[in-house]
file final11.pdb (PDB, C-alpha atoms)
ATOM      1  CA  MET A 155      17.012  -5.074 -85.794
ATOM      2  CA  VAL A 156      20.006  -2.958 -84.893
ATOM      3  CA  SER A 157      19.381   0.769 -84.708
ATOM      4  CA  ARG A 158      20.762   2.932 -87.477
ATOM      5  CA  SER A 159      20.169   6.155 -85.527
ATOM      6  CA  ARG A 160      23.230   8.171 -84.674
ATOM      7  CA  LEU A 161      24.812   7.495 -81.318
ATOM      8  CA  THR A 162      25.683  10.226 -78.842
ATOM      9  CA  GLU A 163      29.339  10.968 -78.074
ATOM     10  CA  ASP A 164      29.033   9.112 -74.784
ATOM     11  CA  GLN A 165      27.533   6.097 -76.491
ATOM     12  CA  ILE A 166      30.291   6.081 -79.096
ATOM     13  CA  ALA A 167      32.995   6.264 -76.416
ATOM     14  CA  GLU A 168      31.392   3.399 -74.537
ATOM     15  CA  ARG A 169      31.143   1.200 -77.619
ATOM     16  CA  LEU A 170      34.681   1.976 -78.749
ATOM     17  CA  ALA A 171      35.959   0.968 -75.318
ATOM     18  CA  ALA A 172      34.228  -2.365 -75.794
ATOM     19  CA  ALA A 173      35.671  -2.875 -79.309
ATOM     20  CA  PRO A 174      39.405  -3.557 -78.934
ATOM     21  CA  GLY A 175      41.532  -2.375 -81.843
ATOM     22  CA  TRP A 176      38.798  -0.299 -83.459
ATOM     23  CA  SER A 177      39.315   3.404 -83.849
ATOM     24  CA  ARG A 178      37.062   6.154 -85.014
ATOM     25  CA  SER A 179      37.363   8.609 -87.848
ATOM     26  CA  ASP A 180      34.860  11.159 -89.098
ATOM     27  CA  GLU A 181      33.279   8.743 -91.492
ATOM     28  CA  SER A 182      34.003   5.281 -90.226
ATOM     29  CA  ILE A 183      35.296   2.964 -87.571
ATOM     30  CA  THR A 184      38.406   1.083 -88.651
ATOM     31  CA  LYS A 185      40.630  -1.767 -87.552
ATOM     32  CA  THR A 186      43.780  -3.297 -88.999
ATOM     33  CA  TYR A 187      44.409  -7.035 -88.683
ATOM     34  CA  GLU A 188      47.688  -8.817 -89.246
ATOM     35  CA  ALA A 189      47.835 -12.328 -90.644
ATOM     36  CA  PRO A 190      50.747 -14.746 -91.070
ATOM     37  CA  SER A 191      50.613 -14.411 -94.856
ATOM     38  CA  PHE A 192      48.882 -12.876 -97.850
ATOM     39  CA  MET A 193      46.802 -16.007 -98.397
ATOM     40  CA  ASP A 194      45.717 -15.944 -94.747
ATOM     41  CA  ASP A 195      44.530 -12.393 -95.389
ATOM     42  CA  ILE A 196      42.409 -13.631 -98.241
ATOM     43  CA  ALA A 197      40.816 -16.342 -96.113
ATOM     44  CA  PHE A 198      40.154 -13.773 -93.398
ATOM     45  CA  VAL A 199      38.529 -11.400 -95.894
ATOM     46  CA  ARG A 200      36.250 -14.169 -97.108
ATOM     47  CA  ASP A 201      35.103 -14.832 -93.556
ATOM     48  CA  VAL A 202      34.604 -11.134 -92.879
ATOM     49  CA  ALA A 203      32.539 -10.795 -96.046
ATOM     50  CA  GLU A 204      30.212 -13.600 -94.980
ATOM     51  CA  VAL A 205      29.699 -12.044 -91.570
ATOM     52  CA  THR A 206      29.086  -8.562 -92.925
ATOM     53  CA  GLU A 207      26.945  -9.638 -95.875
ATOM     54  CA  SER A 208      24.591 -11.383 -93.476
ATOM     55  CA  ARG A 209      24.228  -8.030 -91.717
ATOM     56  CA  ASN A 210      23.823  -6.124 -94.971
ATOM     57  CA  HIS A 211      27.016  -4.149 -94.394
ATOM     58  CA  HIS A 212      29.853  -3.875 -96.893
ATOM     59  CA  PRO A 213      33.036  -2.615 -95.315
ATOM     60  CA  ASP A 214      35.800  -0.991 -97.285
ATOM     61  CA  ILE A 215      38.637  -3.521 -97.268
ATOM     62  CA  ASP A 216      42.291  -2.740 -97.940
ATOM     63  CA  ILE A 217      44.686  -5.666 -98.308
ATOM     64  CA  ARG A 218      48.374  -4.836 -97.958
ATOM     65  CA  TYR A 219      50.459  -7.998 -98.050
ATOM     66  CA  ASN A 220      49.779  -9.542 -94.645
ATOM     67  CA  ARG A 221      47.604  -6.737 -93.290
ATOM     68  CA  VAL A 222      43.913  -6.110 -93.779
ATOM     69  CA  THR A 223      42.246  -2.843 -92.828
ATOM     70  CA  LEU A 224      38.479  -2.771 -92.495
ATOM     71  CA  ALA A 225      36.515   0.466 -92.513
ATOM     72  CA  LEU A 226      32.862   0.345 -91.521
ATOM     73  CA  LEU A 227      31.463   3.479 -93.070
ATOM     74  CA  THR A 228      28.787   5.596 -91.546
ATOM     75  CA  HIS A 229      27.661   7.248 -94.757
ATOM     76  CA  TYR A 230      24.031   6.481 -94.148
ATOM     77  CA  GLN A 231      23.689   8.644 -91.088
ATOM     78  CA  GLY A 232      26.735  10.900 -91.163
ATOM     79  CA  GLY A 233      27.961   9.510 -87.865
ATOM     80  CA  GLN A 234      28.423   6.309 -85.887
ATOM     81  CA  THR A 235      25.378   4.161 -85.239
ATOM     82  CA  ALA A 236      24.863   0.963 -83.279
ATOM     83  CA  TRP A 237      24.873  -0.876 -86.579
ATOM     84  CA  GLU A 238      28.600  -0.467 -87.280
ATOM     85  CA  PHE A 239      29.495  -1.514 -83.759
ATOM     86  CA  ASP A 240      27.275  -4.553 -84.035
ATOM     87  CA  VAL A 241      29.066  -5.531 -87.255
ATOM     88  CA  ALA A 242      32.497  -4.903 -85.674
ATOM     89  CA  LYS A 243      31.557  -7.128 -82.760
ATOM     90  CA  ALA A 244      30.383  -9.873 -85.100
ATOM     91  CA  ILE A 245      33.628  -9.700 -87.095
ATOM     92  CA  ASP A 246      35.709 -10.109 -83.979
ATOM     93  CA  ALA A 247      33.523 -12.886 -82.622
ATOM     94  CA  PHE A 248      34.086 -15.459 -85.334
TER      95      PHE A 248
ATOM     96  CA  MET B 296      61.549 -16.761-115.056
ATOM     97  CA  VAL B 297      60.153 -13.307-115.770
ATOM     98  CA  SER B 298      62.661 -10.498-115.720
ATOM     99  CA  ARG B 299      62.585  -8.122-112.791
ATOM    100  CA  SER B 300      64.829  -5.590-114.511
ATOM    101  CA  ARG B 301      63.310  -2.191-115.160
ATOM    102  CA  LEU B 302      61.688  -1.684-118.524
ATOM    103  CA  THR B 303      62.442   1.256-120.775
ATOM    104  CA  GLU B 304      59.739   3.867-121.417
ATOM    105  CA  ASP B 305      59.073   2.376-124.836
ATOM    106  CA  GLN B 306      58.734  -1.106-123.382
ATOM    107  CA  ILE B 307      56.323   0.171-120.730
ATOM    108  CA  ALA B 308      54.180   1.953-123.335
ATOM    109  CA  GLU B 309      54.073  -1.188-125.440
ATOM    110  CA  ARG B 310      53.060  -3.401-122.530
ATOM    111  CA  LEU B 311      50.439  -0.947-121.290
ATOM    112  CA  ALA B 312      48.885  -0.883-124.752
ATOM    113  CA  ALA B 313      48.590  -4.662-124.526
ATOM    114  CA  ALA B 314      47.034  -4.575-121.036
ATOM    115  CA  PRO B 315      43.493  -3.151-121.374
ATOM    116  CA  GLY B 316      42.277  -1.214-118.350
ATOM    117  CA  TRP B 317      45.647  -1.029-116.659
ATOM    118  CA  SER B 318      47.162   2.354-115.977
ATOM    119  CA  ARG B 319      50.502   3.423-114.686
ATOM    120  CA  SER B 320      51.507   5.444-111.690
ATOM    121  CA  ASP B 321      54.944   6.198-110.299
ATOM    122  CA  GLU B 322      54.934   3.157-108.099
ATOM    123  CA  SER B 323      52.525   0.681-109.604
ATOM    124  CA  ILE B 324      50.246  -0.393-112.385
ATOM    125  CA  THR B 325      46.590  -0.422-111.376
ATOM    126  CA  LYS B 326      43.223  -1.565-112.622
ATOM    127  CA  THR B 327      39.707  -1.302-111.228
ATOM    128  CA  TYR B 328      37.217  -4.113-111.786
ATOM    129  CA  GLU B 329      33.485  -3.914-111.286
ATOM    130  CA  ALA B 330      31.473  -6.900-110.131
ATOM    131  CA  PRO B 331      27.703  -7.423-109.814
ATOM    132  CA  SER B 332      27.913  -7.487-106.019
ATOM    133  CA  PHE B 333      30.128  -7.304-102.969
ATOM    134  CA  MET B 334      30.226 -11.083-102.669
ATOM    135  CA  ASP B 335      31.248 -11.365-106.329
ATOM    136  CA  ASP B 336      34.128  -9.023-105.474
ATOM    137  CA  ILE B 337      35.213 -11.397-102.758
ATOM    138  CA  ALA B 338      35.168 -14.385-105.083
ATOM    139  CA  PHE B 339      37.161 -12.380-107.629
ATOM    140  CA  VAL B 340      39.724 -11.401-105.016
ATOM    141  CA  ARG B 341      40.167 -15.035-104.022
ATOM    142  CA  ASP B 342      40.862 -15.969-107.650
ATOM    143  CA  VAL B 343      43.261 -13.049-108.072
ATOM    144  CA  ALA B 344      45.125 -14.079-104.940
ATOM    145  CA  GLU B 345      45.633 -17.609-106.232
ATOM    146  CA  VAL B 346      46.977 -16.331-109.539
ATOM    147  CA  THR B 347      49.300 -13.788-107.960
ATOM    148  CA  GLU B 348      50.477 -16.054-105.137
ATOM    149  CA  SER B 349      51.609 -18.606-107.697
ATOM    150  CA  ARG B 350      53.733 -15.836-109.232
ATOM    151  CA  ASN B 351      55.009 -14.667-105.856
ATOM    152  CA  HIS B 352      53.374 -11.265-106.230
ATOM    153  CA  HIS B 353      51.042  -9.709-103.670
ATOM    154  CA  PRO B 354      49.055  -6.838-105.093
ATOM    155  CA  ASP B 355      47.528  -4.149-102.963
ATOM    156  CA  ILE B 356      43.793  -4.777-103.101
ATOM    157  CA  ASP B 357      41.081  -2.234-102.305
ATOM    158  CA  ILE B 358      37.505  -3.470-102.101
ATOM    159  CA  ARG B 359      34.799  -0.782-102.326
ATOM    160  CA  TYR B 360      31.370  -2.368-102.401
ATOM    161  CA  ASN B 361      31.203  -3.797-105.922
ATOM    162  CA  ARG B 362      34.558  -2.493-107.120
ATOM    163  CA  VAL B 363      38.008  -3.930-106.662
ATOM    164  CA  THR B 364      41.175  -1.997-107.411
ATOM    165  CA  LEU B 365      44.421  -3.912-107.824
ATOM    166  CA  ALA B 366      47.796  -2.214-107.612
ATOM    167  CA  LEU B 367      50.848  -4.176-108.669
ATOM    168  CA  LEU B 368      53.671  -2.377-106.948
ATOM    169  CA  THR B 369      57.085  -1.887-108.382
ATOM    170  CA  HIS B 370      58.863  -1.307-105.100
ATOM    171  CA  TYR B 371      61.540  -3.864-105.814
ATOM    172  CA  GLN B 372      63.053  -1.985-108.728
ATOM    173  CA  GLY B 373      61.656   1.529-108.421
ATOM    174  CA  GLY B 374      59.962   1.239-111.787
ATOM    175  CA  GLN B 375      57.902  -1.093-113.974
ATOM    176  CA  THR B 376      59.355  -4.475-114.820
ATOM    177  CA  ALA B 377      58.143  -7.329-117.006
ATOM    178  CA  TRP B 378      57.083  -9.098-113.839
ATOM    179  CA  GLU B 379      54.124  -6.830-113.052
ATOM    180  CA  PHE B 380      52.894  -7.002-116.618
ATOM    181  CA  ASP B 381      53.154 -10.768-116.581
ATOM    182  CA  VAL B 382      51.051 -10.866-113.404
ATOM    183  CA  ALA B 383      48.512  -8.406-114.878
ATOM    184  CA  LYS B 384      48.181 -10.586-117.954
ATOM    185  CA  ALA B 385      47.682 -13.693-115.838
ATOM    186  CA  ILE B 386      44.981 -11.964-113.771
ATOM    187  CA  ASP B 387      43.052 -10.985-116.872
ATOM    188  CA  ALA B 388      43.477 -14.414-118.456
ATOM    189  CA  PHE B 389      41.555 -16.475-115.928
TER     190      PHE B 389
END

call {"tool": "encode", "arguments": {"input": "final11.pdb", "output": "structure tokens"}}
result
Amino acid sequence: MVSRSRLTEDQIAERLAAAPGWSRSDESITKTYEAPSFMDDIAFVRDVAEVTESRNHHPDIDIRYNRVTLALLTHYQGGQTAWEFDVAKAIDAF
Amino acid sequence: MVSRSRLTEDQIAERLAAAPGWSRSDESITKTYEAPSFMDDIAFVRDVAEVTESRNHHPDIDIRYNRVTLALLTHYQGGQTAWEFDVAKAIDAF
């Protein structure tokens, strides 16, 4: 079980450093992916959904032609937790 | 071949009236769909993508848990054309 307690600033910095392409906002961590085509985006989104569903997380997903932006929201705790970073890592691992 | 010429205001009003749930903004026509779950959203988005790809249109797609918002942009002509309304109709027909 991944902790849903808020991370400290140092812990967030450490986890961001280990999550290439992810950046932090007040309410989420986000990353934009580029695919060869719109239909490749759609296939990517399907894979992301399977990974995140299995972790009970539901990222905000914005599809813009051949780009997909994922936002892992922190609305449960009002700040980053290990949970979002675990999901981000899983997304980038498949 | 669906016309990509700009519609008149009257033509837009007529087509909007025939496209339930769609609304107009300066740059697009949009509609928000609600699904039973996040994974149902994903399946819906895959179907939408197939319909729109076959018409060479690539809507902006925002997934927010169990809601999907589609925006059919009019950036080619700077205003609504028959093309977007044809795509909207096709999306709602499947």

call {"tool": "closest_atom_pairs", "arguments": {"input": "final11.pdb", "of": "chain A", "to": "chain B", "cutoff": "7 Å", "atoms": "all atoms listed in the file", "output": "Markdown table"}}
result
| residue | atom | partner | partner_atom | distance |
| --- | --- | --- | --- | --- |
| A:Phe192 | CA | B:His353 | CA | 7.0 |
| A:Ile196 | CA | B:Arg341 | CA | 6.4 |
| A:Arg200 | CA | B:Ile337 | CA | 6.4 |
| A:His212 | CA | B:Tyr360 | CA | 5.9 |
| A:Asp214 | CA | B:Arg359 | CA | 5.1 |
| A:Ile215 | CA | B:Ile358 | CA | 5.0 |
| A:Asp216 | CA | B:Asp357 | CA | 4.6 |
| A:Ile217 | CA | B:Ile356 | CA | 5.0 |
| A:Arg218 | CA | B:Asp355 | CA | 5.1 |
| A:Tyr219 | CA | B:His353 | CA | 5.9 |

call {"tool": "resolve_selection", "arguments": {"input": "final11.pdb", "expression": "the PyMOL selection byres ((chain A and resi 239) around 12)", "output": "ChimeraX atom specification"}}
result
/A:156-158,160-161,165-174,176-178,182-185,206,209,211,225-228,233-238,240-246

call {"tool": "atom_distance", "arguments": {"input": "final11.pdb", "atom1": "atom CA of Val205 of chain A", "atom2": "atom CA of Phe248 of chain A"}}
result
8.4 Å

call {"tool": "atom_distance", "arguments": {"input": "final11.pdb", "atom1": "atom CA of Ser320 of chain B", "atom2": "atom CA of Gly373 of chain B"}}
result
11.4 Å

call {"tool": "atom_distance", "arguments": {"input": "final11.pdb", "atom1": "atom CA of Ser208 of chain A", "atom2": "atom CA of Pro331 of chain B"}}
result
17.1 Å
